[in-house]
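What follows is protein35.txt (compact mmCIF, C-alpha atoms).
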```txt
# COMPACT_ATOMS: atom_id res chain seq x y z
CA MET O 202 29.97 -16.45 12.27
CA LYS O 203 32.04 -16.29 9.11
CA ILE O 204 34.56 -13.58 8.40
CA ILE O 205 33.72 -12.41 4.89
CA ALA O 206 36.32 -9.65 4.47
CA HIS O 207 38.96 -7.50 6.14
CA ILE O 208 39.43 -3.77 6.06
CA HIS O 209 42.74 -2.24 4.97
CA ASN O 210 43.64 1.28 5.97
CA GLY O 211 46.29 3.39 7.65
CA PHE O 212 45.16 2.85 11.27
CA GLU O 213 47.99 0.69 12.52
CA THR O 214 47.04 1.04 16.17
CA LYS O 215 43.74 1.49 17.98
CA PHE O 216 44.88 4.87 19.30
CA GLY O 217 43.70 7.46 16.77
CA VAL O 218 40.86 5.42 15.28
CA PRO O 219 37.72 7.61 15.14
CA ARG O 220 35.03 6.84 17.70
CA GLN O 221 32.24 6.30 15.16
CA GLY O 222 31.88 5.67 11.45
CA GLY O 223 31.49 8.66 9.16
CA ILE O 224 33.32 11.14 11.40
CA VAL O 225 36.57 11.31 9.48
CA ASN O 226 35.64 10.94 5.83
CA GLU O 227 39.15 11.97 4.80
CA VAL O 228 40.25 8.42 5.71
CA LYS O 229 40.04 5.93 2.86
CA SER O 230 39.83 2.20 3.48
CA LYS O 231 39.64 -0.79 1.20
CA ILE O 232 37.46 -3.77 1.97
CA VAL O 233 38.99 -6.94 0.57
CA PHE O 234 36.89 -10.08 0.59
CA GLU O 235 37.77 -13.63 1.47
CA LYS O 236 38.23 -15.97 -1.51
CA GLU O 237 34.79 -17.56 -1.18
CA TYR O 238 33.07 -14.17 -1.62
CA ARG O 239 35.16 -12.86 -4.52
CA VAL O 240 32.22 -13.18 -6.85
CA PRO O 241 31.34 -10.04 -8.85
CA GLU O 242 27.65 -11.08 -8.97
CA ALA O 243 27.41 -10.82 -5.16
CA PHE O 244 27.86 -7.03 -5.53
CA ARG O 245 25.48 -6.47 -8.44
CA GLY O 246 23.36 -3.40 -7.71
CA LEU O 247 25.57 -2.10 -4.90
CA GLU O 248 26.88 0.66 -7.19
CA SER O 249 23.46 2.31 -7.00
CA PHE O 250 23.81 2.98 -3.24
CA SER O 251 25.93 5.73 -1.69
CA HIS O 252 26.39 4.21 1.79
CA ILE O 253 26.71 0.79 3.37
CA TRP O 254 26.37 -0.72 6.81
CA VAL O 255 29.39 -2.68 7.90
CA LEU O 256 29.03 -5.25 10.65
CA TRP O 257 32.50 -5.96 12.00
CA LYS O 258 34.33 -7.64 14.80
CA PHE O 259 35.53 -5.74 17.86
CA ASP O 260 38.76 -7.63 17.70
CA GLU O 261 40.33 -6.49 20.94
CA ALA O 262 37.25 -6.43 23.10
CA GLU O 263 36.66 -10.02 24.10
CA ARG O 264 36.02 -10.57 27.76
CA ASP O 265 35.04 -13.66 29.63
CA GLU O 266 32.43 -12.10 31.86
CA PHE O 267 29.48 -9.88 31.13
CA SER O 268 30.03 -6.42 32.52
CA PRO O 269 26.67 -4.58 32.60
CA THR O 270 28.07 -1.05 32.64
CA VAL O 271 30.79 0.87 30.84
CA ARG O 272 32.38 4.28 31.36
CA PRO O 273 32.29 6.15 28.05
CA PRO O 274 35.40 8.33 27.65
CA ARG O 275 33.21 11.15 26.39
CA LEU O 276 31.24 11.27 29.63
CA GLY O 277 34.39 12.03 31.56
CA GLY O 278 35.42 8.44 32.18
CA ASN O 279 33.84 8.30 35.63
CA LYS O 280 30.14 8.00 34.85
CA ARG O 281 28.82 4.48 34.37
CA VAL O 282 26.05 3.79 31.88
CA GLY O 283 24.48 0.54 30.73
CA VAL O 284 26.26 -1.27 27.96
CA PHE O 285 23.01 -1.46 25.94
CA ALA O 286 22.79 2.35 26.09
CA THR O 287 26.20 2.68 24.41
CA ARG O 288 28.08 1.59 21.31
CA SER O 289 30.96 0.42 23.48
CA PRO O 290 32.96 -2.59 22.17
CA PHE O 291 32.67 -4.34 25.55
CA ARG O 292 29.30 -6.04 25.01
CA PRO O 293 27.99 -9.61 24.97
CA ASN O 294 28.69 -10.08 21.26
CA PRO O 295 31.66 -8.07 19.97
CA ILE O 296 29.95 -6.72 16.85
CA GLY O 297 30.48 -3.16 15.65
CA LEU O 298 28.05 -1.33 13.39
CA SER O 299 29.19 1.51 11.15
CA VAL O 300 27.74 3.35 8.20
CA LEU O 301 30.40 4.18 5.63
CA LYS O 302 30.36 6.06 2.36
CA ILE O 303 31.14 4.11 -0.79
CA GLU O 304 33.79 5.81 -2.85
CA LYS O 305 34.39 3.13 -5.42
CA LEU O 306 33.54 -0.48 -6.21
CA GLU O 307 36.08 -2.27 -8.38
CA LEU O 308 34.90 -5.68 -9.45
CA ASP O 309 37.99 -6.91 -11.20
CA THR O 310 41.16 -6.52 -9.16
CA PRO O 311 43.84 -9.17 -8.45
CA ASP O 312 42.09 -9.56 -5.05
CA GLY O 313 38.61 -9.84 -6.55
CA PRO O 314 35.96 -7.20 -5.93
CA VAL O 315 37.31 -4.40 -3.72
CA LEU O 316 35.18 -1.75 -2.08
CA THR O 317 36.80 1.61 -1.27
CA VAL O 318 34.99 3.36 1.58
CA LEU O 319 35.33 6.63 3.48
CA GLY O 320 34.95 7.24 7.20
CA ALA O 321 35.96 3.93 8.76
CA ASP O 322 36.27 3.67 12.53
CA MET O 323 38.17 0.38 12.43
CA LYS O 324 41.78 -0.53 12.74
CA ASN O 325 43.69 -1.97 9.79
CA GLY O 326 42.94 -5.68 9.44
CA THR O 327 39.59 -5.63 11.24
CA PRO O 328 37.48 -8.65 10.27
CA ILE O 329 34.09 -7.97 8.68
CA TYR O 330 30.96 -10.07 9.08
CA ASP O 331 28.52 -8.40 6.72
CA ILE O 332 27.92 -5.57 4.25
CA LYS O 333 24.37 -4.30 3.75
CA PRO O 334 23.08 -1.34 1.74
CA TYR O 335 22.04 1.73 3.74
CA LEU O 336 18.36 2.33 3.04
CA PRO O 337 17.49 5.91 4.00
CA GLU O 338 13.77 5.18 3.88
CA PHE O 339 14.13 2.91 6.89
CA ASP O 340 17.52 3.71 8.40
CA SER O 341 17.46 7.51 8.48
CA ILE O 342 15.56 8.94 11.46
CA PRO O 343 16.76 12.51 11.90
CA GLU O 344 14.22 13.20 14.65
CA ALA O 345 15.43 10.32 16.86
CA SER O 346 16.60 11.56 20.23
CA GLU O 347 20.30 11.45 20.93
CA GLY O 348 20.00 10.66 24.60
CA PHE O 349 23.03 11.44 26.69
CA ALA O 350 25.11 11.29 23.50
CA GLU O 351 23.92 14.83 22.77
CA LYS O 352 26.16 16.30 25.41
CA THR O 353 29.24 14.87 23.77
CA ARG O 354 28.62 15.69 20.13
CA ASN O 355 30.67 18.18 18.20
CA HIS O 356 33.60 17.73 20.52
CA LYS O 357 36.37 18.82 18.20
CA ILE O 358 39.62 20.57 18.93
CA ASP O 359 41.91 22.81 16.94
CA VAL O 360 44.99 21.26 15.40
CA ILE O 361 48.09 23.29 14.74
CA PHE O 362 50.23 21.71 12.05
CA PRO O 363 53.29 23.93 11.66
CA ASP O 364 54.44 24.59 8.10
CA GLU O 365 57.96 23.34 8.75
CA ILE O 366 56.55 19.95 9.76
CA ALA O 367 54.06 19.82 6.88
CA THR O 368 56.85 20.47 4.37
CA GLY O 369 57.54 17.37 2.34
CA LEU O 370 54.16 15.82 3.09
CA LEU O 371 51.34 15.63 0.58
CA GLU O 372 48.63 18.24 1.17
CA LYS O 373 46.03 15.46 1.40
CA ASP O 374 48.05 13.59 4.05
CA VAL O 375 48.27 16.77 6.12
CA GLU O 376 44.50 17.22 5.83
CA THR O 377 43.82 13.62 6.80
CA ILE O 378 46.09 13.77 9.84
CA LYS O 379 44.50 17.07 10.92
CA ALA O 380 41.01 15.60 10.53
CA ILE O 381 41.91 12.55 12.63
CA LEU O 382 43.55 14.57 15.39
CA SER O 383 40.72 17.13 15.52
CA HIS O 384 38.54 14.39 17.04
CA ASP O 385 40.85 14.22 20.03
CA PRO O 386 42.37 10.74 20.17
CA LYS O 387 43.02 10.75 23.92
CA PRO O 388 40.14 10.58 26.42
CA SER O 389 39.05 14.21 26.65
CA TYR O 390 39.04 14.26 30.44
CA ILE O 391 42.75 13.57 30.69
CA HIS O 392 44.86 16.69 30.82
CA ASN O 393 48.60 16.43 30.68
CA GLU O 394 51.54 17.67 28.71
CA ARG O 395 52.99 14.40 27.55
CA VAL O 396 53.91 13.73 23.94
CA TYR O 397 51.54 11.34 22.22
CA GLY O 398 52.44 9.20 19.23
CA MET O 399 50.07 7.85 16.63
CA ALA O 400 50.93 5.48 13.80
CA PHE O 401 49.05 6.18 10.60
CA ASP O 402 49.69 5.20 7.01
CA GLY O 403 53.34 4.39 7.49
CA LYS O 404 54.01 7.53 9.48
CA GLU O 405 54.65 8.19 13.13
CA ILE O 406 52.92 11.39 14.21
CA LYS O 407 54.00 12.98 17.48
CA PHE O 408 51.80 15.62 19.05
CA THR O 409 51.01 17.29 22.31
CA TYR O 410 48.14 19.16 23.89
CA THR O 411 48.31 22.86 24.68
CA ASP O 412 45.70 25.40 25.76
CA ASP O 413 44.99 25.97 22.06
CA GLY O 414 44.35 22.31 21.25
CA ILE O 415 46.72 19.88 19.59
CA THR O 416 50.11 20.86 18.17
CA VAL O 417 51.85 18.45 15.82
CA LEU O 418 55.51 18.12 16.81
CA GLU O 419 56.92 15.70 14.30
CA VAL O 420 55.95 13.40 11.43
CA THR O 421 58.40 10.67 10.49
CA SER O 422 58.31 7.65 8.22
CA ARG O 423 58.13 4.35 10.05
CA MET P 17 27.63 -15.56 19.24
CA LYS P 18 25.45 -15.41 22.30
CA ILE P 19 21.70 -15.02 22.19
CA ILE P 20 20.97 -12.22 24.65
CA ALA P 21 17.18 -11.98 24.27
CA HIS P 22 14.11 -13.04 22.31
CA ILE P 23 11.33 -10.96 20.84
CA HIS P 24 7.69 -11.64 21.71
CA ASN P 25 4.92 -10.43 19.45
CA GLY P 26 1.87 -11.54 17.52
CA PHE P 27 3.67 -12.73 14.36
CA GLU P 28 3.19 -16.46 14.68
CA THR P 29 4.30 -17.21 11.13
CA LYS P 30 6.77 -15.60 8.76
CA PHE P 31 3.95 -14.77 6.34
CA GLY P 32 2.73 -11.30 7.25
CA VAL P 33 5.90 -10.10 8.95
CA PRO P 34 6.80 -6.62 7.59
CA ARG P 35 9.77 -6.48 5.21
CA GLN P 36 11.75 -3.92 7.22
CA GLY P 37 11.81 -2.48 10.71
CA GLY P 38 9.75 0.63 11.38
CA ILE P 39 7.18 0.05 8.62
CA VAL P 40 4.29 -1.10 10.82
CA ASN P 41 4.63 0.85 14.04
CA GLU P 42 1.17 -0.32 15.11
CA VAL P 43 2.78 -3.65 16.03
CA LYS P 44 4.07 -3.85 19.59
CA SER P 45 6.73 -6.33 20.62
CA LYS P 46 8.42 -7.11 23.89
CA ILE P 47 12.10 -7.91 24.13
CA VAL P 48 12.77 -10.30 27.01
CA PHE P 49 16.37 -10.92 28.00
CA GLU P 50 18.14 -14.12 28.90
CA LYS P 51 18.80 -14.59 32.61
CA GLU P 52 22.45 -13.53 32.41
CA TYR P 53 21.47 -10.09 31.06
CA ARG P 54 18.58 -9.36 33.42
CA VAL P 55 20.57 -6.65 35.11
CA PRO P 56 18.87 -3.23 35.36
CA GLU P 57 22.27 -1.46 35.30
CA ALA P 58 22.91 -2.79 31.77
CA PHE P 59 20.07 -0.54 30.55
CA ARG P 60 20.99 2.62 32.45
CA GLY P 61 20.71 5.61 30.13
CA LEU P 62 18.71 3.77 27.46
CA GLU P 63 15.57 5.66 28.52
CA SER P 64 17.08 8.82 27.05
CA PHE P 65 17.03 7.39 23.50
CA SER P 66 13.96 7.08 21.29
CA HIS P 67 15.18 4.33 18.95
CA ILE P 68 17.42 1.28 19.07
CA TRP P 69 19.23 -0.93 16.63
CA VAL P 70 18.43 -4.58 17.04
CA LEU P 71 20.83 -7.18 15.64
CA TRP P 72 18.94 -10.42 15.34
CA LYS P 73 19.12 -13.89 13.91
CA PHE P 74 17.52 -14.79 10.58
CA ASP P 75 16.31 -18.00 12.09
CA GLU P 76 14.95 -19.69 9.00
CA ALA P 77 17.58 -18.59 6.55
CA GLU P 78 20.51 -20.90 7.10
CA ARG P 79 21.96 -22.43 3.98
CA ASP P 80 25.00 -24.57 3.51
CA GLU P 81 26.33 -22.86 0.42
CA PHE P 82 26.97 -19.24 -0.38
CA SER P 83 24.59 -18.01 -3.05
CA PRO P 84 25.93 -14.73 -4.48
CA THR P 85 22.62 -13.42 -5.79
CA VAL P 86 19.04 -13.19 -4.57
CA ARG P 87 15.75 -12.31 -6.22
CA PRO P 88 14.04 -9.64 -4.13
CA PRO P 89 10.24 -10.09 -4.18
CA ARG P 90 9.84 -6.36 -4.64
CA LEU P 91 11.78 -6.41 -7.90
CA GLY P 92 9.28 -8.79 -9.42
CA GLY P 93 10.90 -12.00 -8.22
CA ASN P 94 12.78 -12.57 -11.46
CA LYS P 95 15.59 -10.03 -11.31
CA ARG P 96 18.76 -11.17 -9.61
CA VAL P 97 20.86 -8.73 -7.57
CA GLY P 98 23.92 -9.28 -5.43
CA VAL P 99 23.28 -10.37 -1.87
CA PHE P 100 25.49 -7.51 -0.56
CA ALA P 101 23.23 -5.04 -2.37
CA THR P 102 20.19 -6.29 -0.44
CA ARG P 103 18.96 -6.84 3.10
CA SER P 104 17.94 -10.39 2.18
CA PRO P 105 18.18 -13.00 4.98
CA PHE P 106 20.10 -15.37 2.70
CA ARG P 107 23.62 -14.06 3.34
CA PRO P 108 26.89 -15.44 4.68
CA ASN P 109 26.02 -14.59 8.29
CA PRO P 110 22.30 -14.67 9.06
CA ILE P 111 22.15 -11.36 10.95
CA GLY P 112 19.25 -8.96 10.55
CA LEU P 113 19.49 -5.26 11.36
CA SER P 114 16.43 -3.23 12.30
CA VAL P 115 15.82 0.14 13.86
CA LEU P 116 12.85 0.06 16.23
CA LYS P 117 11.12 2.69 18.31
CA ILE P 118 11.26 2.33 22.08
CA GLU P 119 7.83 2.58 23.63
CA LYS P 120 8.68 1.60 27.16
CA LEU P 121 11.50 0.24 29.27
CA GLU P 122 10.39 -1.61 32.43
CA LEU P 123 13.29 -2.52 34.64
CA ASP P 124 11.48 -4.53 37.24
CA THR P 125 9.21 -7.23 35.81
CA PRO P 126 9.05 -10.92 36.76
CA ASP P 127 11.18 -11.51 33.63
CA GLY P 128 13.70 -8.82 34.50
CA PRO P 129 14.07 -5.69 32.35
CA VAL P 130 11.64 -5.76 29.41
CA LEU P 131 11.81 -3.42 26.45
CA THR P 132 8.58 -2.69 24.56
CA VAL P 133 9.28 -1.66 20.97
CA LEU P 134 7.24 -0.64 17.94
CA GLY P 135 7.75 -1.63 14.31
CA ALA P 136 9.41 -5.04 14.54
CA ASP P 137 9.99 -7.03 11.37
CA MET P 138 10.68 -10.28 13.20
CA LYS P 139 8.63 -13.33 13.94
CA ASN P 140 7.64 -14.17 17.51
CA GLY P 141 10.52 -15.88 19.28
CA THR P 142 13.29 -14.48 17.10
CA PRO P 143 16.67 -14.59 18.90
CA ILE P 144 18.47 -11.30 19.44
CA TYR P 145 22.24 -10.77 19.46
CA ASP P 146 22.56 -7.13 20.39
CA ILE P 147 20.77 -3.88 21.26
CA LYS P 148 22.50 -0.58 20.55
CA PRO P 149 21.22 2.99 20.84
CA TYR P 150 20.35 4.73 17.56
CA LEU P 151 22.59 7.78 17.28
CA PRO P 152 21.08 10.19 14.74
CA GLU P 153 24.30 12.19 14.52
CA PHE P 154 26.02 9.21 12.89
CA ASP P 155 23.24 6.88 11.80
CA SER P 156 20.83 9.27 10.07
CA ILE P 157 21.85 10.10 6.50
CA PRO P 158 18.72 11.39 4.77
CA GLU P 159 20.64 12.26 1.60
CA ALA P 160 21.97 8.71 1.09
CA SER P 161 20.88 7.28 -2.23
CA GLU P 162 18.29 4.55 -2.15
CA GLY P 163 19.67 2.66 -5.12
CA PHE P 164 17.28 0.29 -6.80
CA ALA P 165 15.26 0.22 -3.57
CA GLU P 166 13.75 3.53 -4.65
CA LYS P 167 11.58 1.86 -7.26
CA THR P 168 9.94 -0.31 -4.65
CA ARG P 169 9.25 2.18 -1.88
CA ASN P 170 5.78 3.25 -0.91
CA HIS P 171 4.28 0.08 -2.25
CA LYS P 172 1.10 -0.03 -0.20
CA ILE P 173 -2.31 -1.34 -1.05
CA ASP P 174 -5.81 -0.54 0.13
CA VAL P 175 -7.36 -2.84 2.70
CA ILE P 176 -11.10 -3.28 2.92
CA PHE P 177 -12.14 -4.49 6.37
CA PRO P 178 -15.93 -4.90 6.27
CA ASP P 179 -17.81 -3.69 9.34
CA GLU P 180 -19.53 -7.04 9.91
CA ILE P 181 -16.10 -8.68 10.24
CA ALA P 182 -14.67 -5.91 12.42
CA THR P 183 -17.59 -6.23 14.84
CA GLY P 184 -16.47 -7.74 18.09
CA LEU P 185 -12.81 -6.85 17.52
CA LEU P 186 -11.02 -4.07 19.34
CA GLU P 187 -10.58 -0.95 17.23
CA LYS P 188 -6.81 -1.11 17.79
CA ASP P 189 -6.65 -4.72 16.59
CA VAL P 190 -8.50 -3.77 13.41
CA GLU P 191 -6.05 -0.91 12.83
CA THR P 192 -3.05 -3.16 13.42
CA ILE P 193 -4.31 -5.84 11.04
CA LYS P 194 -5.08 -3.22 8.39
CA ALA P 195 -1.60 -1.72 8.78
CA ILE P 196 0.06 -5.12 8.40
CA LEU P 197 -1.98 -6.11 5.36
CA SER P 198 -1.51 -2.73 3.66
CA HIS P 199 2.14 -3.71 3.13
CA ASP P 200 1.04 -6.60 0.93
CA PRO P 201 2.18 -9.82 2.57
CA LYS P 202 2.35 -11.87 -0.62
CA PRO P 203 5.03 -11.22 -3.24
CA SER P 204 3.54 -8.32 -5.20
CA TYR P 205 4.15 -9.93 -8.59
CA ILE P 206 1.88 -12.87 -7.88
CA HIS P 207 -1.68 -12.33 -9.01
CA ASN P 208 -4.34 -14.81 -8.14
CA GLU P 209 -7.67 -15.07 -6.41
CA ARG P 210 -6.84 -17.57 -3.72
CA VAL P 211 -7.70 -17.05 -0.08
CA TYR P 212 -4.68 -16.28 2.07
CA GLY P 213 -4.51 -16.91 5.80
CA MET P 214 -2.30 -15.10 8.28
CA ALA P 215 -1.91 -15.91 11.95
CA PHE P 216 -1.49 -12.87 14.18
CA ASP P 217 -1.97 -12.33 17.89
CA GLY P 218 -4.08 -15.42 18.47
CA LYS P 219 -6.26 -14.74 15.43
CA GLU P 220 -6.53 -16.32 12.03
CA ILE P 221 -7.12 -13.66 9.38
CA LYS P 222 -8.41 -14.76 6.00
CA PHE P 223 -8.20 -12.36 3.08
CA THR P 224 -8.12 -12.21 -0.68
CA TYR P 225 -6.90 -9.87 -3.37
CA THR P 226 -9.27 -7.98 -5.65
CA ASP P 227 -8.77 -5.17 -8.15
CA ASP P 228 -9.25 -2.74 -5.25
CA GLY P 229 -6.55 -4.29 -3.04
CA ILE P 230 -7.07 -6.65 -0.13
CA THR P 231 -10.47 -7.60 1.29
CA VAL P 232 -10.62 -9.22 4.72
CA LEU P 233 -12.95 -12.22 4.61
CA GLU P 234 -12.87 -13.58 8.14
CA VAL P 235 -11.16 -13.14 11.50
CA THR P 236 -11.38 -16.05 13.93
CA SER P 237 -9.77 -16.89 17.24
CA ARG P 238 -7.17 -19.62 17.03
```

Could I get this structure in the form of structure tokens?
Amino acid sequence: MKIIAHIHNGFETKFGVPRQGGIVNEVKSKIVFEKEYRVPEAFRGLESFSHIWVLWKFDEAERDEFSPTVRPPRLGGNKRVGVFATRSPFRPNPIGLSVLKIEKLELDTPDGPVLTVLGADMKNGTPIYDIKPYLPEFDSIPEASEGFAEKTRNHKIDVIFPDEIATGLLEKDVETIKAILSHDPKPSYIHNERVYGMAFDGKEIKFTYTDDGITVLEVTSR
Amino acid sequence: MKIIAHIHNGFETKFGVPRQGGIVNEVKSKIVFEKEYRVPEAFRGLESFSHIWVLWKFDEAERDEFSPTVRPPRLGGNKRVGVFATRSPFRPNPIGLSVLKIEKLELDTPDGPVLTVLGADMKNGTPIYDIKPYLPEFDSIPEASEGFAEKTRNHKIDVIFPDEIATGLLEKDVETIKAILSHDPKPSYIHNERVYGMAFDGKEIKFTYTDDGITVLEVTSR
């Protein structure tokens, strides 16, 4: 398996990375290809698609032994389901599958062709194995059943971002941080009052959970 | 990369295999797992989903050198597009991606858990790398643009299956063969009057192209 590219974005740690692709479209990422694949012709026609599949490496999920079940955080962390019934990273081959929106394809940058995408659920530096066009005729099945995933969808929480903390930040950065936090970075079954920290885009964001959701406590440059 | 399973179906040769997953749902396949993964718990919860992603190996597509463009048969065979703008098998990592419909999951067979699926676009014996549930909330994007693929969709041709040839065959086998052929196994830009042969499910099917589409000439047991 060859690594063809890496993704570059603000997710400096795994904590805070969205659980699936396409959830937080406010997050922009750049896909930069390895030298061998910096060939503009290899991307010819891609500009006519709006979305791509990205096959990528679950970089921190390698295990020596096959574990047949996993405990998805969204099922409360105590219910075991089969690994093949989940998108968990802990699977026989550590390959992630995400559909991302293409924002821009630049063919002629100092790093060769660069693809800007929205909605990544990968940490900065994640290796990429393949890029394929999303073909709605085959790939889009709205009537497919969601299985047990249905119970966990639309889990979003309110985010309070006090004005005095937002002051000095760009409006779009505030919106991006709010969008990321609204998907509840910690496992949703854990309830405590500790202060969490998330590194994103050169900033350290401190927040805590209250009865009303998440409250941002501090944003500092790293 | 570990091979976790193989697919078993009637496609004995590459010729005749549908061009994408989900096109010919009349075709049934069985996914049989390698010994290490014959663990019923690994499939717990999968019965609540209707569709799966299958990541599989393009077994006959390995090349030594990276070729940045391909000529999709459906674009006439003479127009080159970038490999990352296609689902062509000739890509840096030979991984295919198909969404298939689950017909049945049997946990307790002599070969361990066996998954029966509809709509495979893989030859008999194709190695499989991963099975993931299809999550319509994230994976289904009906409004995604089809790019240049739009021009080639719905290419189907009429199939004439004369009664005297259908006699002695099961009705469902006739329907399956008709469904496969209606997707035009040969590159659609080639026009000639030769007799084509396709091996499927222990049968040899001979057919030819006329102005009206495909006419089945003979079906024999192999």

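Every protein, DNA or RNA residue with an atom at most 9 Å from stretch 137-139 of chain P, where all atoms listed in the file count and chain neighbours fewer than 6 positions away do not, is listed here: P:Ile23, P:His24, P:Asn25, P:Gly26, P:Phe27, P:Glu28, P:Thr29, P:Lys30, P:Val33, P:Pro34, P:Arg35, P:Gln36, P:Gly37, P:Gly38, P:Ile39, P:Val40, P:Trp72, P:Phe74, P:Ser114.
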
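Put simply, atom CA of O:Pro293 is 26.3 Å away from atom CA of P:Asp80.
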
Kindly determine which residues of chain O lie within 6 Å of chain P, considering only C-alpha atoms, and give the answer as a PyMOL selection string. chain O and resi 202+242-247+249-251+269-270+282-286+294+332-334+336-337+341-343+345-348

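Of the listed residues (O:Ile415, O:Val233, O:Ile366, O:Leu371), O:Ile415 comes nearest to O:His392; the distances count only C-alpha atoms.
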
Excluding same-chain residues fewer than 2 positions from O:Tyr397, what lies within 8 Å of it counting only C-alpha atoms, as a list in words? Arg395, Met399, Lys407, Phe408 and Thr409 of chain O

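Checking P:Val211, P:Ala182, P:Leu197, P:Ala136 one by one against P:Val235, counting only C-alpha atoms, you find the shortest gap at P:Ala182.
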
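Put simply, atom CA of P:Thr231 is 13.6 Å away from atom CA of P:Lys202.
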
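In terms of minimum interatomic distance to P:Gly128, P:Glu50 ranks closest within P:Glu50, P:Thr142, P:Gly229, P:Glu191, counting all atoms listed in the file.
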
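Note that the spacing between atom CA of P:Asn140 and atom CA of P:Asp124 amounts to 22.3 Å.
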
So, with only C-alpha atoms as the atoms that count, which of O:Phe216, O:Tyr390, O:Phe234, O:Phe401 lies closest to O:Glu307? O:Phe234

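The protein and nucleic acid residues lying at most 8 Å from P:Ser198 are Lys172, Ile173, Asp174, Val175, Lys194, Ala195, Ile196, Asp200 and Ile230 of chain P, with all atoms listed in the file considered and sequence neighbours fewer than 2 positions away removed.
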
Kindly indicate which residue among O:Pro311, O:Pro363, O:Gly326, O:Gly398 lies nearest to O:Lys236, using only C-alpha atoms for the distances. O:Pro311

Exercise: O:Glu304 partners within 8 Å, all atoms listed in the file, chain neighbours under 2 positions left out, as a ChimeraX atom specification: /O:251,302,306,316-319
